[in-house]
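Text of the file protein.tsv, holding TSV, C-alpha atoms:
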```tsv
chain	number	residue	atom	x	y	z
R	477	MET	CA	-66.99	67.98	-75.13
R	478	LYS	CA	-64.19	65.54	-75.93
R	479	ASN	CA	-62.61	68.04	-78.33
R	480	TYR	CA	-62.86	70.79	-75.72
R	481	LEU	CA	-61.02	68.65	-73.15
R	482	TYR	CA	-58.37	67.78	-75.75
R	483	LEU	CA	-57.74	71.49	-76.46
R	484	ILE	CA	-57.41	72.29	-72.75
R	485	VAL	CA	-54.85	69.52	-72.28
R	486	LEU	CA	-52.93	70.54	-75.42
R	487	PHE	CA	-52.72	74.22	-74.45
R	488	SER	CA	-51.73	73.30	-70.90
R	489	MET	CA	-48.89	71.12	-72.21
R	490	ILE	CA	-47.65	73.89	-74.49
R	491	ALA	CA	-47.82	76.46	-71.68
R	492	LEU	CA	-45.83	74.17	-69.40
R	493	GLY	CA	-43.27	73.40	-72.09
R	494	ILE	CA	-43.94	69.68	-72.09
R	495	GLY	CA	-45.79	69.37	-75.34
R	496	PRO	CA	-45.13	70.29	-78.93
R	497	GLY	CA	-43.41	73.60	-79.33
R	498	ARG	CA	-39.91	74.91	-79.60
R	499	GLY	CA	-38.94	75.71	-76.06
R	500	GLY	CA	-38.78	74.55	-72.54
R	501	ASN	CA	-38.13	70.84	-72.81
R	502	ARG	CA	-35.12	70.77	-70.54
R	503	ALA	CA	-35.03	66.96	-70.48
R	504	ASN	CA	-33.45	67.10	-73.92
R	505	ASP	CA	-30.92	69.80	-72.96
R	506	ARG	CA	-27.44	68.65	-72.03
R	507	LYS	CA	-24.76	70.77	-70.40
R	508	ILE	CA	-21.55	70.61	-72.37
R	509	SER	CA	-18.07	72.09	-72.19
R	510	MET	CA	-16.96	74.91	-74.48
R	511	SER	CA	-14.73	72.46	-76.34
R	512	GLU	CA	-17.86	70.56	-77.44
R	513	LEU	CA	-19.27	73.60	-79.25
R	514	PRO	CA	-18.87	73.64	-83.05
R	515	SER	CA	-15.75	75.45	-84.23
R	516	PRO	CA	-17.48	78.62	-85.56
R	517	ALA	CA	-19.19	79.12	-82.18
R	518	ARG	CA	-15.92	78.75	-80.28
R	519	GLN	CA	-14.22	81.17	-82.69
R	520	LEU	CA	-16.94	83.80	-82.28
R	521	LEU	CA	-16.65	83.56	-78.49
R	522	LYS	CA	-12.86	83.89	-78.61
R	523	THR	CA	-13.00	86.82	-81.05
R	524	TYR	CA	-15.82	88.91	-79.58
R	525	PHE	CA	-15.69	87.91	-75.91
R	526	PRO	CA	-11.98	87.63	-75.09
R	527	GLY	CA	-11.45	87.28	-71.38
R	528	ALA	CA	-15.14	86.71	-70.69
R	529	ARG	CA	-16.06	83.70	-68.62
R	530	VAL	CA	-18.34	81.11	-70.20
R	531	LEU	CA	-20.93	80.46	-67.50
R	532	GLN	CA	-22.92	77.77	-69.26
R	533	CYS	CA	-23.01	75.82	-72.51
R	534	VAL	CA	-26.07	73.77	-73.37
R	535	HIS	CA	-26.83	71.53	-76.32
R	536	SER	CA	-30.52	71.10	-77.15
R	537	ARG	CA	-30.86	67.63	-78.58
R	538	THR	CA	-34.44	68.37	-79.64
R	539	TRP	CA	-33.44	71.14	-82.05
R	540	ASP	CA	-29.72	70.39	-82.35
R	541	GLU	CA	-28.86	73.93	-81.25
R	542	TYR	CA	-26.49	75.39	-78.70
R	543	GLY	CA	-27.00	78.03	-76.03
R	544	VAL	CA	-24.18	79.84	-74.26
R	545	LYS	CA	-24.24	82.25	-71.31
R	546	VAL	CA	-21.22	84.50	-70.95
R	547	SER	CA	-20.20	86.79	-68.09
R	548	GLY	CA	-21.40	90.34	-68.55
R	549	GLY	CA	-25.01	89.26	-69.09
R	550	TYR	CA	-24.66	87.94	-72.64
R	551	GLU	CA	-26.60	85.01	-74.07
R	552	LEU	CA	-25.87	83.51	-77.46
R	553	GLY	CA	-27.65	80.91	-79.55
R	554	PHE	CA	-26.00	78.86	-82.29
R	555	ASP	CA	-27.34	76.46	-84.90
R	556	ARG	CA	-26.01	72.91	-85.30
R	557	GLN	CA	-23.05	74.12	-87.41
R	558	GLY	CA	-22.11	76.77	-84.84
R	559	HIS	CA	-23.36	79.83	-86.72
R	560	TRP	CA	-24.91	82.47	-84.49
R	561	GLU	CA	-28.70	82.68	-84.43
R	562	GLU	CA	-29.19	85.08	-81.55
R	563	ILE	CA	-27.01	87.39	-79.48
R	564	GLU	CA	-28.48	89.39	-76.63
R	565	SER	CA	-27.44	91.27	-73.54
R	566	ASP	CA	-29.33	91.66	-70.29
R	567	ASP	CA	-27.92	94.93	-69.08
R	568	LYS	CA	-25.79	96.65	-71.68
R	569	PRO	CA	-25.89	97.20	-75.44
R	570	LEU	CA	-24.05	94.95	-77.86
R	571	SER	CA	-20.67	96.22	-79.03
R	572	ALA	CA	-20.31	97.84	-82.44
R	573	GLU	CA	-18.06	94.92	-83.42
R	574	LEU	CA	-20.86	92.41	-82.71
R	575	VAL	CA	-23.38	94.51	-84.64
R	576	LYS	CA	-21.04	94.35	-87.64
R	577	LEU	CA	-21.77	90.62	-87.84
R	578	LEU	CA	-24.99	91.74	-89.54
R	579	PRO	CA	-25.01	92.33	-93.32
R	580	ALA	CA	-23.55	95.70	-94.35
R	581	PRO	CA	-26.92	97.10	-95.55
R	582	VAL	CA	-28.40	96.48	-92.08
R	583	VAL	CA	-25.51	98.25	-90.35
R	584	GLU	CA	-25.79	101.15	-92.82
R	585	TYR	CA	-29.54	101.42	-92.21
R	586	LEU	CA	-28.97	101.55	-88.46
R	587	GLU	CA	-26.33	104.28	-88.84
R	588	GLN	CA	-28.54	106.36	-91.17
R	589	HIS	CA	-31.94	106.02	-89.49
R	590	TYR	CA	-31.00	105.41	-85.84
R	591	PRO	CA	-27.67	107.19	-85.33
R	592	GLY	CA	-26.28	106.52	-81.88
R	593	ALA	CA	-28.93	103.90	-81.10
R	594	LYS	CA	-27.77	100.93	-79.07
R	595	VAL	CA	-28.60	97.34	-80.04
R	596	GLU	CA	-29.91	95.13	-77.25
R	597	SER	CA	-30.27	91.93	-79.28
R	598	MET	CA	-30.01	90.58	-82.79
R	599	GLU	CA	-31.43	87.42	-84.28
R	600	GLN	CA	-31.15	85.73	-87.60
R	601	ARG	CA	-33.59	83.14	-88.79
R	602	LYS	CA	-34.15	81.40	-92.08
R	603	ASN	CA	-35.47	84.47	-93.94
R	604	ILE	CA	-35.10	87.45	-91.63
R	605	TYR	CA	-32.96	89.45	-89.22
R	606	LYS	CA	-34.57	90.97	-86.13
R	607	ILE	CA	-32.78	93.78	-84.31
R	608	THR	CA	-33.98	95.12	-80.96
R	609	LEU	CA	-32.85	98.60	-79.98
R	610	VAL	CA	-32.43	99.71	-76.36
R	611	TYR	CA	-33.92	103.16	-76.95
R	612	PRO	CA	-36.23	103.72	-78.56
R	613	ASP	CA	-37.62	100.29	-77.67
R	614	THR	CA	-38.01	99.24	-81.28
R	615	HIS	CA	-37.79	95.99	-83.22
R	616	LEU	CA	-36.42	96.28	-86.75
R	617	TYR	CA	-36.84	93.52	-89.33
R	618	PHE	CA	-34.66	92.99	-92.40
R	619	SER	CA	-34.60	90.45	-95.20
R	620	LYS	CA	-31.64	88.07	-95.44
R	621	SER	CA	-30.14	90.36	-98.10
R	622	GLY	CA	-30.30	93.27	-95.63
R	623	GLU	CA	-33.29	95.15	-97.04
R	624	PHE	CA	-35.46	96.91	-94.46
R	625	VAL	CA	-38.84	95.19	-94.00
R	626	LYS	CA	-40.59	96.87	-91.06
R	627	ALA	CA	-40.25	98.45	-87.63
R	628	ARG	CA	-42.36	97.74	-84.56
R	629	ASP	CA	-42.33	100.02	-81.51
R	630	ASP	CA	-43.04	98.67	-78.03
R	631	ASP	CA	-44.24	101.91	-76.49
```
Encoded form (structure tokens):
Amino acid sequence: MKNYLYLIVLFSMIALGIGPGRGGNRANDRKISMSELPSPARQLLKTYFPGARVLQCVHSRTWDEYGVKVSGGYELGFDRQGHWEEIESDDKPLSAELVKLLPAPVVEYLEQHYPGAKVESMEQRKNIYKITLVYPDTHLYFSKSGEFVKARDDD
């Protein structure tokens, strides 16, 4: 019974974002100015979002990462050095210039297998890239070298 109660409390904490887990602990998030972002993050914003208004910059002290919201419905995530980890748009596809931040084999795969498809978001993690297409609603996964791994449809 004691273990059962422990599991209920643990899952409740995770669901509420107050326990172990990677998200939601806003107490460790600090709003910052754009000038406090690492240089590569500032450069990416200036290059790919000229004239866009930066609506919010946040530094997560828990994970030492940065989150930025930009006018036009864009959200970007950066690691501690300022390298992009995630770029997504709420209401329109990412520009072809942003998609070219991906390794060349990934861009070539998209052009060959999904010509004309629009990218809604792109993420890079330690060992993988994840691309989400607007239509068809598909998630594509690639290795860090750009080799296709798998596709998952959300139909």
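Residues in contact with Met598 of chain R at 7 Å, where only C-alpha atoms are counted and same-chain residues fewer than 6 positions away are skipped, are listed as Glu562, Ile563, Glu564, Lys606, Ile607 and Thr608 of chain R.
Between Thr614 of chain R and the residues R:Gln519, R:Val595, R:Leu552, R:Arg601, the shortest atom-to-atom distance, using only C-alpha atoms, involves R:Val595.
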- How many Å separate atom CA of Gln600 of chain R from atom CA of Pro612 of chain R?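 Going from atom CA of Gln600 of chain R over to atom CA of Pro612 of chain R, I get 20.8 Å.
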- Item | d(atom CA of Tyr524 of chain R, atom CA of Arg506 of chain R) in Å |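 Atom CA of Tyr524 of chain R sits 24.5 Å away from atom CA of Arg506 of chain R.
The smallest atom-to-atom distance between Leu578 of chain R and any of R:Glu512, R:Asp555, R:Glu561, R:Asp505, using all atoms listed in the file, is found for R:Glu561.
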- Can you tell me, as a PyMOL selection string, what residues are no more than 8 Å from Gln532 of chain R when counting all atoms listed in the file, ignoring any on the same chain fewer than 4 positions away? chain R and resi 507-508+543-546
- One decimal, Å: what's the distance from atom CA of Lys568 of chain R over to atom CA of Ala580 of chain R, could you say? 22.8 Å
- Message: Under the rule that all atoms listed in the file are counted, which of R:Glu573, R:Asp630, R:Glu541, R:Glu596 is the nearest residue to Thr523 of chain R?
- Response: R:Glu573
- Which residues, written as a list in words, have at least one atom at most 10 Å from Asp566 of chain R, with only C-alpha atoms counted and residues fewer than 2 positions away on the same chain left out?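 Listed by chain and then number, they are Gly548, Gly549, Tyr550, Glu551, Glu564, Lys568, Pro569, Leu570, Glu596 and Ser597 of chain R.
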As a CSV table (one decimal), in the frame of the given file, could you write out segment 595-619 of chain R once it has been completed with N, CA, C and O atoms?
```csv
chain,number,residue,atom,x,y,z
R,595,VAL,N,-27.9,98.6,-79.7
R,595,VAL,CA,-28.6,97.3,-80.0
R,595,VAL,C,-28.6,96.5,-78.8
R,595,VAL,O,-27.5,96.2,-78.2
R,596,GLU,N,-29.8,96.0,-78.4
R,596,GLU,CA,-29.9,95.1,-77.2
R,596,GLU,C,-29.8,93.7,-77.6
R,596,GLU,O,-29.2,92.8,-76.9
R,597,SER,N,-30.4,93.3,-78.8
R,597,SER,CA,-30.3,91.9,-79.3
R,597,SER,C,-30.4,91.9,-80.8
R,597,SER,O,-30.9,92.8,-81.4
R,598,MET,N,-29.9,90.8,-81.3
R,598,MET,CA,-30.0,90.6,-82.8
R,598,MET,C,-30.2,89.1,-83.0
R,598,MET,O,-29.6,88.3,-82.4
R,599,GLU,N,-31.1,88.8,-83.9
R,599,GLU,CA,-31.4,87.4,-84.3
R,599,GLU,C,-31.4,87.3,-85.8
R,599,GLU,O,-31.7,88.2,-86.5
R,600,GLN,N,-31.0,86.1,-86.2
R,600,GLN,CA,-31.2,85.7,-87.6
R,600,GLN,C,-31.8,84.4,-87.7
R,600,GLN,O,-31.5,83.5,-87.0
R,601,ARG,N,-32.8,84.4,-88.5
R,601,ARG,CA,-33.6,83.1,-88.8
R,601,ARG,C,-33.5,82.8,-90.3
R,601,ARG,O,-32.8,83.5,-91.0
R,602,LYS,N,-34.3,81.9,-90.7
R,602,LYS,CA,-34.2,81.4,-92.1
R,602,LYS,C,-34.3,82.5,-93.1
R,602,LYS,O,-33.5,82.6,-94.0
R,603,ASN,N,-35.2,83.4,-92.9
R,603,ASN,CA,-35.5,84.5,-93.9
R,603,ASN,C,-35.4,85.9,-93.4
R,603,ASN,O,-35.7,86.8,-94.2
R,604,ILE,N,-35.0,86.1,-92.2
R,604,ILE,CA,-35.1,87.4,-91.6
R,604,ILE,C,-34.1,87.7,-90.5
R,604,ILE,O,-33.7,86.8,-89.8
R,605,TYR,N,-33.7,89.0,-90.4
R,605,TYR,CA,-33.0,89.4,-89.2
R,605,TYR,C,-33.9,90.3,-88.4
R,605,TYR,O,-34.7,91.1,-88.9
R,606,LYS,N,-33.8,90.1,-87.1
R,606,LYS,CA,-34.6,91.0,-86.1
R,606,LYS,C,-33.6,91.7,-85.2
R,606,LYS,O,-32.8,91.0,-84.5
R,607,ILE,N,-33.7,93.0,-85.2
R,607,ILE,CA,-32.8,93.8,-84.3
R,607,ILE,C,-33.7,94.5,-83.3
R,607,ILE,O,-34.7,95.1,-83.6
R,608,THR,N,-33.3,94.4,-82.0
R,608,THR,CA,-34.0,95.1,-81.0
R,608,THR,C,-33.1,96.2,-80.4
R,608,THR,O,-32.0,96.0,-80.0
R,609,LEU,N,-33.6,97.4,-80.5
R,609,LEU,CA,-32.8,98.6,-80.0
R,609,LEU,C,-33.2,98.8,-78.5
R,609,LEU,O,-34.3,98.6,-78.1
R,610,VAL,N,-32.2,99.4,-77.8
R,610,VAL,CA,-32.4,99.7,-76.4
R,610,VAL,C,-33.4,100.9,-76.3
R,610,VAL,O,-34.4,100.8,-75.6
R,611,TYR,N,-33.1,102.0,-76.9
R,611,TYR,CA,-33.9,103.2,-77.0
R,611,TYR,C,-33.8,103.8,-78.3
R,611,TYR,O,-32.7,104.1,-78.7
R,612,PRO,N,-34.9,104.1,-79.0
R,612,PRO,CA,-36.2,103.7,-78.6
R,612,PRO,C,-36.4,102.2,-78.6
R,612,PRO,O,-35.8,101.5,-79.4
R,613,ASP,N,-37.4,101.7,-77.7
R,613,ASP,CA,-37.6,100.3,-77.7
R,613,ASP,C,-38.3,99.9,-79.0
R,613,ASP,O,-39.5,99.9,-79.1
R,614,THR,N,-37.5,99.5,-79.9
R,614,THR,CA,-38.0,99.2,-81.3
R,614,THR,C,-37.4,97.9,-81.8
R,614,THR,O,-36.3,97.6,-81.6
R,615,HIS,N,-38.2,97.2,-82.5
R,615,HIS,CA,-37.8,96.0,-83.2
R,615,HIS,C,-37.7,96.3,-84.7
R,615,HIS,O,-38.7,96.8,-85.3
R,616,LEU,N,-36.6,96.0,-85.3
R,616,LEU,CA,-36.4,96.3,-86.8
R,616,LEU,C,-36.3,94.9,-87.4
R,616,LEU,O,-35.5,94.1,-86.9
R,617,TYR,N,-36.9,94.8,-88.6
R,617,TYR,CA,-36.8,93.5,-89.3
R,617,TYR,C,-36.2,93.8,-90.7
R,617,TYR,O,-36.6,94.8,-91.4
R,618,PHE,N,-35.3,92.9,-91.1
R,618,PHE,CA,-34.7,93.0,-92.4
R,618,PHE,C,-34.7,91.6,-93.1
R,618,PHE,O,-34.7,90.6,-92.5
R,619,SER,N,-34.7,91.7,-94.4
R,619,SER,CA,-34.6,90.4,-95.2
R,619,SER,C,-33.2,89.9,-95.1
R,619,SER,O,-32.3,90.6,-94.6
```
